[in-house]
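Novice: The file below is work_8.cif, mmCIF, C-alpha atoms:
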data_final
#
loop_
_atom_site.label_atom_id
_atom_site.label_comp_id
_atom_site.auth_asym_id
_atom_site.auth_seq_id
_atom_site.Cartn_x
_atom_site.Cartn_y
_atom_site.Cartn_z
CA MET A 15 -31.43 0.50 41.98
CA LYS A 16 -27.80 0.42 43.14
CA LEU A 17 -27.21 -2.78 41.17
CA PHE A 18 -28.88 -1.28 38.08
CA THR A 19 -26.62 1.80 38.31
CA THR A 20 -23.56 -0.37 38.77
CA LEU A 21 -24.42 -2.29 35.63
CA LEU A 22 -25.02 0.88 33.62
CA VAL A 23 -21.65 2.47 34.41
CA PRO A 24 -19.46 -0.05 32.53
CA LEU A 25 -21.91 -0.01 29.62
CA PHE A 26 -21.65 3.79 29.44
CA ILE A 27 -17.85 3.67 29.60
CA GLN A 28 -17.79 1.05 26.86
CA ALA A 29 -20.05 3.16 24.63
CA VAL A 30 -17.91 6.27 25.07
CA SER A 31 -14.63 4.41 24.51
CA ALA A 32 -15.96 3.04 21.23
CA HIS A 33 -15.96 6.56 19.78
CA TYR A 34 -12.81 7.89 18.18
CA ILE A 35 -10.92 10.83 16.65
CA TRP A 36 -8.74 11.07 13.57
CA THR A 37 -5.82 12.76 15.31
CA THR A 38 -2.83 12.55 12.98
CA LEU A 39 -2.05 13.43 9.38
CA VAL A 40 0.41 11.06 7.70
CA THR A 41 2.24 11.60 4.41
CA SER A 42 5.10 9.81 2.69
CA THR A 43 7.55 12.08 4.54
CA THR A 44 5.92 13.12 7.82
CA SER A 45 3.43 12.40 10.57
CA THR A 46 1.90 15.29 12.50
CA SER A 47 -1.09 16.38 14.54
CA ALA A 48 -0.27 20.07 14.17
CA ALA A 49 -1.89 20.20 10.71
CA VAL A 50 -5.15 18.63 11.93
CA ARG A 51 -8.08 20.78 12.99
CA MET A 52 -8.58 18.70 16.09
CA PRO A 53 -12.15 17.83 17.14
CA VAL A 54 -12.96 18.96 20.67
CA ASN A 55 -14.09 15.47 21.66
CA ASN A 56 -14.87 12.05 20.17
CA SER A 57 -18.62 12.57 19.83
CA PRO A 58 -19.89 11.95 16.29
CA VAL A 59 -21.68 14.42 14.05
CA GLN A 60 -25.22 13.20 13.42
CA ASP A 61 -26.82 15.97 11.34
CA VAL A 62 -25.64 15.69 7.73
CA THR A 63 -27.19 19.08 6.92
CA SER A 64 -25.19 20.87 9.62
CA LYS A 65 -22.00 22.86 8.96
CA ASP A 66 -20.39 20.51 11.50
CA ILE A 67 -20.35 17.84 8.78
CA THR A 68 -17.56 19.77 7.03
CA CYS A 69 -14.72 19.48 9.56
CA ASN A 70 -16.53 18.49 12.78
CA ALA A 71 -18.06 20.65 15.52
CA ASN A 72 -15.91 23.65 16.48
CA PRO A 73 -12.57 21.95 15.79
CA GLY A 74 -9.33 23.44 17.08
CA VAL A 75 -7.03 25.62 14.99
CA ALA A 76 -4.31 23.80 13.08
CA THR A 77 -0.88 25.42 13.38
CA GLN A 78 0.74 23.82 10.35
CA THR A 79 0.10 23.33 6.63
CA VAL A 80 2.04 20.33 5.33
CA SER A 81 3.54 20.18 1.83
CA VAL A 82 2.58 17.02 -0.05
CA ALA A 83 3.59 16.09 -3.59
CA ALA A 84 0.84 15.15 -6.01
CA GLY A 85 0.99 11.41 -6.62
CA SER A 86 2.21 10.67 -3.07
CA THR A 87 0.61 9.08 -0.01
CA VAL A 88 -1.63 10.84 2.50
CA GLY A 89 -3.86 9.56 5.26
CA PHE A 90 -4.99 9.76 8.86
CA VAL A 91 -4.31 7.81 12.04
CA LEU A 92 -7.01 7.21 14.61
CA ASP A 93 -6.71 7.35 18.40
CA ASN A 94 -8.49 3.99 18.58
CA THR A 95 -9.66 1.37 16.11
CA LEU A 96 -12.76 1.57 13.94
CA TYR A 97 -15.13 -0.29 16.25
CA HIS A 98 -18.24 0.73 14.34
CA GLN A 99 -19.10 -0.90 11.04
CA GLY A 100 -19.53 1.60 8.24
CA PRO A 101 -17.95 3.17 5.15
CA ALA A 102 -15.15 5.71 5.01
CA ALA A 103 -13.90 8.25 2.48
CA ILE A 104 -11.19 10.86 2.00
CA TYR A 105 -11.92 14.16 0.25
CA LEU A 106 -9.83 17.06 -1.00
CA GLY A 107 -11.18 20.61 -0.85
CA LYS A 108 -9.42 23.35 -2.82
CA ALA A 109 -8.96 26.42 -0.66
CA PRO A 110 -9.82 29.76 -2.35
CA SER A 111 -6.69 31.27 -0.76
CA THR A 112 -4.89 29.51 2.08
CA ALA A 113 -6.02 26.32 3.75
CA ALA A 114 -5.69 27.97 7.16
CA ALA A 115 -8.11 30.75 6.18
CA TRP A 116 -10.80 28.52 4.63
CA ASP A 117 -13.82 27.21 6.51
CA GLY A 118 -14.59 24.54 3.91
CA SER A 119 -17.69 26.23 2.49
CA GLY A 120 -18.59 26.14 -1.20
CA ALA A 121 -18.56 23.54 -3.96
CA ASN A 122 -14.81 22.88 -3.75
CA TRP A 123 -14.70 19.23 -2.62
CA PHE A 124 -14.02 15.98 -4.46
CA LYS A 125 -13.54 12.42 -3.23
CA ILE A 126 -10.17 10.71 -3.76
CA ALA A 127 -10.71 7.43 -1.87
CA GLU A 128 -13.41 5.31 -0.28
CA TRP A 129 -13.77 2.11 1.74
CA GLY A 130 -16.99 0.20 1.18
CA ALA A 131 -18.56 -3.16 1.90
CA THR A 132 -17.73 -6.78 1.24
CA PHE A 133 -20.24 -9.61 1.09
CA ASN A 134 -20.47 -13.26 2.17
CA PRO A 135 -20.11 -12.37 5.00
CA PHE A 136 -21.25 -8.76 4.93
CA GLY A 137 -18.92 -6.20 6.51
CA PHE A 138 -16.91 -3.06 5.82
CA THR A 139 -13.31 -3.07 4.66
CA ASP A 140 -12.21 -0.43 7.20
CA PHE A 141 -13.55 -2.33 10.24
CA ASN A 142 -11.02 -2.62 13.10
CA LEU A 143 -8.37 -0.58 11.27
CA ASN A 144 -6.64 2.35 13.01
CA ALA A 145 -5.38 4.22 9.92
CA LEU A 146 -6.56 4.91 6.38
CA ASN A 147 -4.24 5.98 3.57
CA THR A 148 -4.56 6.80 -0.11
CA THR A 149 -2.67 8.46 -2.97
CA ILE A 150 -3.28 12.02 -4.14
CA PRO A 151 -4.01 11.77 -7.88
CA ALA A 152 -0.98 13.02 -9.80
CA SER A 153 -3.19 15.24 -11.98
CA VAL A 154 -4.58 17.31 -9.08
CA PRO A 155 -3.51 20.97 -9.45
CA ALA A 156 -0.98 22.45 -7.05
CA GLY A 157 -2.28 24.65 -4.27
CA GLU A 158 -3.54 24.62 -0.71
CA TYR A 159 -6.27 22.20 0.28
CA LEU A 160 -8.17 20.77 3.19
CA LEU A 161 -7.83 17.00 3.37
CA ARG A 162 -10.99 15.60 4.95
CA ILE A 163 -11.62 12.10 6.27
CA GLU A 164 -14.97 10.66 7.32
CA GLN A 165 -16.04 7.31 8.67
CA VAL A 166 -19.77 6.75 9.01
CA GLY A 167 -20.82 4.42 11.82
CA LEU A 168 -23.94 2.48 10.82
CA HIS A 169 -24.27 0.40 13.98
CA VAL A 170 -27.54 2.15 14.94
CA ALA A 171 -30.00 1.57 12.11
CA GLY A 172 -31.40 4.82 10.74
CA ALA A 173 -29.05 7.00 12.82
CA PRO A 174 -25.67 7.29 11.06
CA GLN A 175 -22.71 8.76 12.98
CA TRP A 176 -19.93 10.70 11.25
CA TYR A 177 -16.37 10.69 12.60
CA ILE A 178 -14.58 13.53 10.80
CA SER A 179 -11.29 15.40 10.77
CA CYS A 180 -9.70 17.91 8.39
CA ALA A 181 -6.02 18.63 7.86
CA GLN A 182 -4.28 21.49 6.07
CA ILE A 183 -2.00 20.56 3.16
CA ALA A 184 -0.25 22.28 0.27
CA ILE A 185 -0.01 20.11 -2.85
CA THR A 186 3.10 20.57 -4.97
CA GLY A 187 3.67 19.48 -8.54
CA GLY A 188 0.43 18.13 -9.92
CA GLY A 189 -1.42 18.78 -13.13
CA SER A 190 -4.45 20.56 -14.52
CA ALA A 191 -7.33 18.20 -13.70
CA ASN A 192 -10.71 19.72 -12.93
CA PRO A 193 -12.73 17.07 -11.08
CA THR A 194 -16.45 17.53 -10.47
CA LYS A 195 -16.88 19.17 -7.09
CA VAL A 196 -19.52 19.13 -4.35
CA SER A 197 -20.39 21.14 -1.27
CA ILE A 198 -20.12 19.69 2.24
CA PRO A 199 -22.81 19.86 3.59
CA GLY A 200 -24.82 19.10 0.48
CA TYR A 201 -22.85 16.13 -0.83
CA VAL A 202 -25.32 13.59 0.57
CA ALA A 203 -29.02 13.89 1.35
CA ALA A 204 -30.55 13.45 4.78
CA ASN A 205 -33.31 11.31 3.25
CA ASP A 206 -30.66 8.98 1.77
CA GLU A 207 -31.69 9.57 -1.83
CA PRO A 208 -30.96 8.55 -4.49
CA ARG A 209 -30.79 4.89 -3.53
CA ILE A 210 -28.84 2.34 -5.52
CA ASN A 211 -31.15 -0.43 -6.71
CA GLY A 212 -33.39 0.40 -3.77
CA HIS A 213 -30.59 0.04 -1.22
CA PRO A 214 -29.93 2.98 1.18
CA SER A 215 -26.38 3.99 2.08
CA LEU A 216 -26.96 5.89 5.33
CA THR A 217 -30.22 4.57 6.80
CA VAL A 218 -29.45 0.94 6.01
CA ASN A 219 -29.95 -1.74 8.65
CA ILE A 220 -26.65 -3.62 8.46
CA TYR A 221 -27.94 -6.48 10.63
CA TYR A 222 -31.24 -7.58 9.10
CA PRO A 223 -31.96 -8.21 6.35
CA THR A 224 -28.29 -8.62 5.49
CA PRO A 225 -27.43 -6.14 2.70
CA THR A 226 -26.68 -7.70 -0.67
CA ALA A 227 -25.50 -4.44 -2.29
CA TYR A 228 -24.00 -1.25 -0.95
CA LYS A 229 -22.74 2.10 -2.31
CA VAL A 230 -20.53 4.42 -0.27
CA PRO A 231 -22.36 7.75 0.25
CA GLY A 232 -21.27 10.78 -1.75
CA PRO A 233 -19.88 11.34 -5.23
CA ALA A 234 -17.76 8.95 -7.26
CA VAL A 235 -14.05 8.75 -6.48
CA PHE A 236 -11.83 10.96 -8.64
CA ARG A 237 -8.82 8.87 -9.63
CA GLY A 238 -7.16 11.28 -12.05
#
Taking this structure as input, can you express it in the form of structure tokens?

Specialist:
Amino acid sequence: MKLFTTLLVPLFIQAVSAHYIWTTLVTSTTSTSAAVRMPVNNSPVQDVTSKDITCNANPGVATQTVSVAAGSTVGFVLDNTLYHQGPAAIYLGKAPSTAAAWDGSGANWFKIAEWGATFNPFGFTDFNLNALNTTIPASVPAGEYLLRIEQVGLHVAGAPQWYISCAQIAITGGGSANPTKVSIPGYVAANDEPRINGHPSLTVNIYYPTPTAYKVPGPAVFRG
């Protein structure tokens, strides 16, 4: 029994260390953690119907809202590397008033970037990265937003794990685009429907049979 326990301890430590947190907002002019609603720990969200899927479970209060010009770079830095294979995406959510006052509820969200799969061999383009960046579409209207990142670990078949953070930003410049918006939760279904050519996005077994097609969960990317 002592030997069994000894063997379990490093396995447990390894499993915990393979989790991660998006800790830092990066823009073309700054890098800060003060604008991030920091998750309380690195445990993933596993219920896609829960309010925790919006900005994680009981995240901390951000003390900053960062100004970002439409058409410029934004992204997040991780406290680790993306050990778990799975897709990622970045969303913008238009705050009804200020970003600091908004809890993320309502159909105010649209996707501005995603990282999907490659084939031969099969894998995900974000695997082993420690930062993900994109460009805010130049046509997005000015105002305060939550910038939300998610990476979905698919290493346990049928039990997806979401690693999520939200940051507070104020977009300047911009245009008058009106992208189709979704609610989070509500942007993907727990039963993984609809499927693309019969292939699931969340409940997929990424090991066997090897996927030959894959669609990142959620709506299409708005590119302006």

Novice: Which residues, named as in the file, does the PyMOL selection byres ((chain A and resi 188-195) around 8) pick out? Answer as number ranges by chain.

Specialist: A: 83-85, 121-124, 152-156, 185-187, 196-197, 236, 238

Novice: So what does the PyMOL selection byres ((chain A and resi 97-105) around 7) actually pick up in this one, as a list in words?

Specialist: Ala32, Thr95, Leu96, Leu106, Gly107, Trp123, Phe124, Lys125, Ile126, Ala127, Glu128, Trp129, Gly130, Gly137, Phe138, Phe141, Asn142, Leu161, Arg162, Ile163, Glu164, Gln165, Val166, Gly167, Leu168, His169 and Val230 of chain A

Novice: Could you give me, as a list in words, the residues within 9 Å of stretch 201-205 of chain A, counting only C-alpha atoms and dropping anything in the same chain fewer than 3 positions from it?

Specialist: Asp61, Val62, Thr63, Trp123, Val196, Ser197, Ile198, Pro208, Leu216, Thr217, Pro231, Gly232 and Pro233 of chain A

Novice: Report, in Å to a single decimal, how far apart atom CA of A:Ser111 and atom CA of A:Asn55 are.

Specialist: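 One can read the atom CA of A:Asn55 to atom CA of A:Ser111 distance as 28.4 Å.
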
Novice: For A:Ile183, which residue out of A:Ile220, A:Ile35, A:Ala113, A:Val75 is the nearest one, using only C-alpha atoms?

Specialist: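 Looking only at the distances to A:Ile183, the closest residue turns out to be A:Ala113.
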
Novice: At a cut-off of 12 Å, using only C-alpha atoms, what residues contact A:Pro223? Leave out same-chain residues fewer than 6 positions from it and give the result as a PDB file with C-alpha atoms, in the frame of the given file.

Specialist:
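Listing of part.pdb after writing:
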ATOM      1  CA  PHE A 136     -21.250  -8.760   4.930  1.00  0.00           C
ATOM      2  CA  ALA A 171     -30.000   1.570  12.110  1.00  0.00           C
ATOM      3  CA  HIS A 213     -30.590   0.040  -1.220  1.00  0.00           C
TER       4      HIS A 213
END

Novice: To test your reading of the syntax: which residues would the PyMOL selection byres ((chain A and resi 158) around 6) return for the file shown? Reply as a VMD selection string.

Specialist: chain A and resid 109 112 to 113 157 159 183 to 184

Novice: Kindly give the distance, in Å, that separates atom CA of A:Asp206 and atom CA of A:Asn144, rounded to a single decimal.

Specialist: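 Taking atom CA of A:Asp206 and atom CA of A:Asn144, their separation equals 27.3 Å.
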
Novice: Have stretch 84-95 of chain A completed to all heavy atoms, please, and pass it along as a PDB file, in the coordinates of the input.

Specialist:
ATOM      1  N   ALA A  84       1.871  15.877  -5.280  1.00  0.00           N
ATOM      2  CA  ALA A  84       0.840  15.150  -6.010  1.00  0.00           C
ATOM      3  C   ALA A  84       1.392  13.785  -6.417  1.00  0.00           C
ATOM      4  O   ALA A  84       2.559  13.660  -6.786  1.00  0.00           O
ATOM      5  CB  ALA A  84       0.418  15.930  -7.248  1.00  0.00           C
ATOM      6  N   GLY A  85       0.549  12.757  -6.300  1.00  0.00           N
ATOM      7  CA  GLY A  85       0.990  11.410  -6.620  1.00  0.00           C
ATOM      8  C   GLY A  85       1.565  10.662  -5.431  1.00  0.00           C
ATOM      9  O   GLY A  85       1.948   9.488  -5.571  1.00  0.00           O
ATOM     10  N   SER A  86       1.641  11.313  -4.259  1.00  0.00           N
ATOM     11  CA  SER A  86       2.210  10.670  -3.070  1.00  0.00           C
ATOM     12  C   SER A  86       1.113  10.284  -2.078  1.00  0.00           C
ATOM     13  O   SER A  86      -0.063  10.596  -2.256  1.00  0.00           O
ATOM     14  CB  SER A  86       3.250  11.571  -2.408  1.00  0.00           C
ATOM     15  OG  SER A  86       2.633  12.744  -1.902  1.00  0.00           O
ATOM     16  N   THR A  87       1.534   9.642  -0.993  1.00  0.00           N
ATOM     17  CA  THR A  87       0.610   9.080  -0.010  1.00  0.00           C
ATOM     18  C   THR A  87       0.183  10.101   1.031  1.00  0.00           C
ATOM     19  O   THR A  87       1.001  10.887   1.518  1.00  0.00           O
ATOM     20  CB  THR A  87       1.260   7.877   0.697  1.00  0.00           C
ATOM     21  OG1 THR A  87       1.565   6.881  -0.272  1.00  0.00           O
ATOM     22  CG2 THR A  87       0.334   7.282   1.748  1.00  0.00           C
ATOM     23  N   VAL A  88      -1.103  10.070   1.374  1.00  0.00           N
ATOM     24  CA  VAL A  88      -1.630  10.840   2.500  1.00  0.00           C
ATOM     25  C   VAL A  88      -2.618   9.959   3.255  1.00  0.00           C
ATOM     26  O   VAL A  88      -3.143   8.988   2.711  1.00  0.00           O
ATOM     27  CB  VAL A  88      -2.350  12.133   2.059  1.00  0.00           C
ATOM     28  CG1 VAL A  88      -1.375  13.146   1.519  1.00  0.00           C
ATOM     29  CG2 VAL A  88      -3.454  11.838   1.056  1.00  0.00           C
ATOM     30  N   GLY A  89      -2.879  10.313   4.497  1.00  0.00           N
ATOM     31  CA  GLY A  89      -3.860   9.560   5.260  1.00  0.00           C
ATOM     32  C   GLY A  89      -3.980  10.085   6.672  1.00  0.00           C
ATOM     33  O   GLY A  89      -3.399  11.117   7.029  1.00  0.00           O
ATOM     34  N   PHE A  90      -4.740   9.369   7.465  1.00  0.00           N
ATOM     35  CA  PHE A  90      -4.990   9.760   8.860  1.00  0.00           C
ATOM     36  C   PHE A  90      -4.838   8.547   9.760  1.00  0.00           C
ATOM     37  O   PHE A  90      -5.155   7.417   9.374  1.00  0.00           O
ATOM     38  CB  PHE A  90      -6.403  10.316   9.026  1.00  0.00           C
ATOM     39  CG  PHE A  90      -6.629  11.670   8.425  1.00  0.00           C
ATOM     40  CD1 PHE A  90      -6.941  11.812   7.082  1.00  0.00           C
ATOM     41  CD2 PHE A  90      -6.535  12.821   9.205  1.00  0.00           C
ATOM     42  CE1 PHE A  90      -7.168  13.054   6.520  1.00  0.00           C
ATOM     43  CE2 PHE A  90      -6.761  14.077   8.658  1.00  0.00           C
ATOM     44  CZ  PHE A  90      -7.082  14.191   7.313  1.00  0.00           C
ATOM     45  N   VAL A  91      -4.383   8.829  10.993  1.00  0.00           N
ATOM     46  CA  VAL A  91      -4.310   7.810  12.040  1.00  0.00           C
ATOM     47  C   VAL A  91      -5.349   8.136  13.090  1.00  0.00           C
ATOM     48  O   VAL A  91      -5.586   9.305  13.429  1.00  0.00           O
ATOM     49  CB  VAL A  91      -2.898   7.762  12.659  1.00  0.00           C
ATOM     50  CG1 VAL A  91      -2.850   6.762  13.815  1.00  0.00           C
ATOM     51  CG2 VAL A  91      -1.867   7.379  11.599  1.00  0.00           C
ATOM     52  N   LEU A  92      -5.958   7.098  13.615  1.00  0.00           N
ATOM     53  CA  LEU A  92      -7.010   7.210  14.610  1.00  0.00           C
ATOM     54  C   LEU A  92      -6.419   7.047  16.015  1.00  0.00           C
ATOM     55  O   LEU A  92      -5.355   6.458  16.185  1.00  0.00           O
ATOM     56  CB  LEU A  92      -8.019   6.084  14.356  1.00  0.00           C
ATOM     57  CG  LEU A  92      -9.467   6.206  14.796  1.00  0.00           C
ATOM     58  CD1 LEU A  92     -10.165   7.342  14.082  1.00  0.00           C
ATOM     59  CD2 LEU A  92     -10.194   4.890  14.524  1.00  0.00           C
ATOM     60  N   ASP A  93      -7.140   7.552  17.021  1.00  0.00           N
ATOM     61  CA  ASP A  93      -6.710   7.350  18.400  1.00  0.00           C
ATOM     62  C   ASP A  93      -7.255   6.043  18.977  1.00  0.00           C
ATOM     63  O   ASP A  93      -7.112   5.774  20.171  1.00  0.00           O
ATOM     64  CB  ASP A  93      -7.131   8.530  19.278  1.00  0.00           C
ATOM     65  CG  ASP A  93      -8.645   8.655  19.442  1.00  0.00           C
ATOM     66  OD1 ASP A  93      -9.391   7.955  18.715  1.00  0.00           O
ATOM     67  OD2 ASP A  93      -9.098   9.464  20.283  1.00  0.00           O
ATOM     68  N   ASN A  94      -7.863   5.236  18.142  1.00  0.00           N
ATOM     69  CA  ASN A  94      -8.490   3.990  18.580  1.00  0.00           C
ATOM     70  C   ASN A  94      -8.493   3.068  17.368  1.00  0.00           C
ATOM     71  O   ASN A  94      -7.689   3.250  16.453  1.00  0.00           O
ATOM     72  CB  ASN A  94      -9.913   4.294  19.073  1.00  0.00           C
ATOM     73  CG  ASN A  94     -10.396   3.327  20.132  1.00  0.00           C
ATOM     74  OD1 ASN A  94     -10.153   2.130  20.045  1.00  0.00           O
ATOM     75  ND2 ASN A  94     -11.093   3.843  21.135  1.00  0.00           N
ATOM     76  N   THR A  95      -9.396   2.123  17.332  1.00  0.00           N
ATOM     77  CA  THR A  95      -9.660   1.370  16.110  1.00  0.00           C
ATOM     78  C   THR A  95     -11.105   1.586  15.706  1.00  0.00           C
ATOM     79  O   THR A  95     -11.932   2.001  16.523  1.00  0.00           O
ATOM     80  CB  THR A  95      -9.402  -0.144  16.298  1.00  0.00           C
ATOM     81  OG1 THR A  95     -10.213  -0.635  17.368  1.00  0.00           O
ATOM     82  CG2 THR A  95      -7.935  -0.417  16.599  1.00  0.00           C
TER      83      THR A  95
END
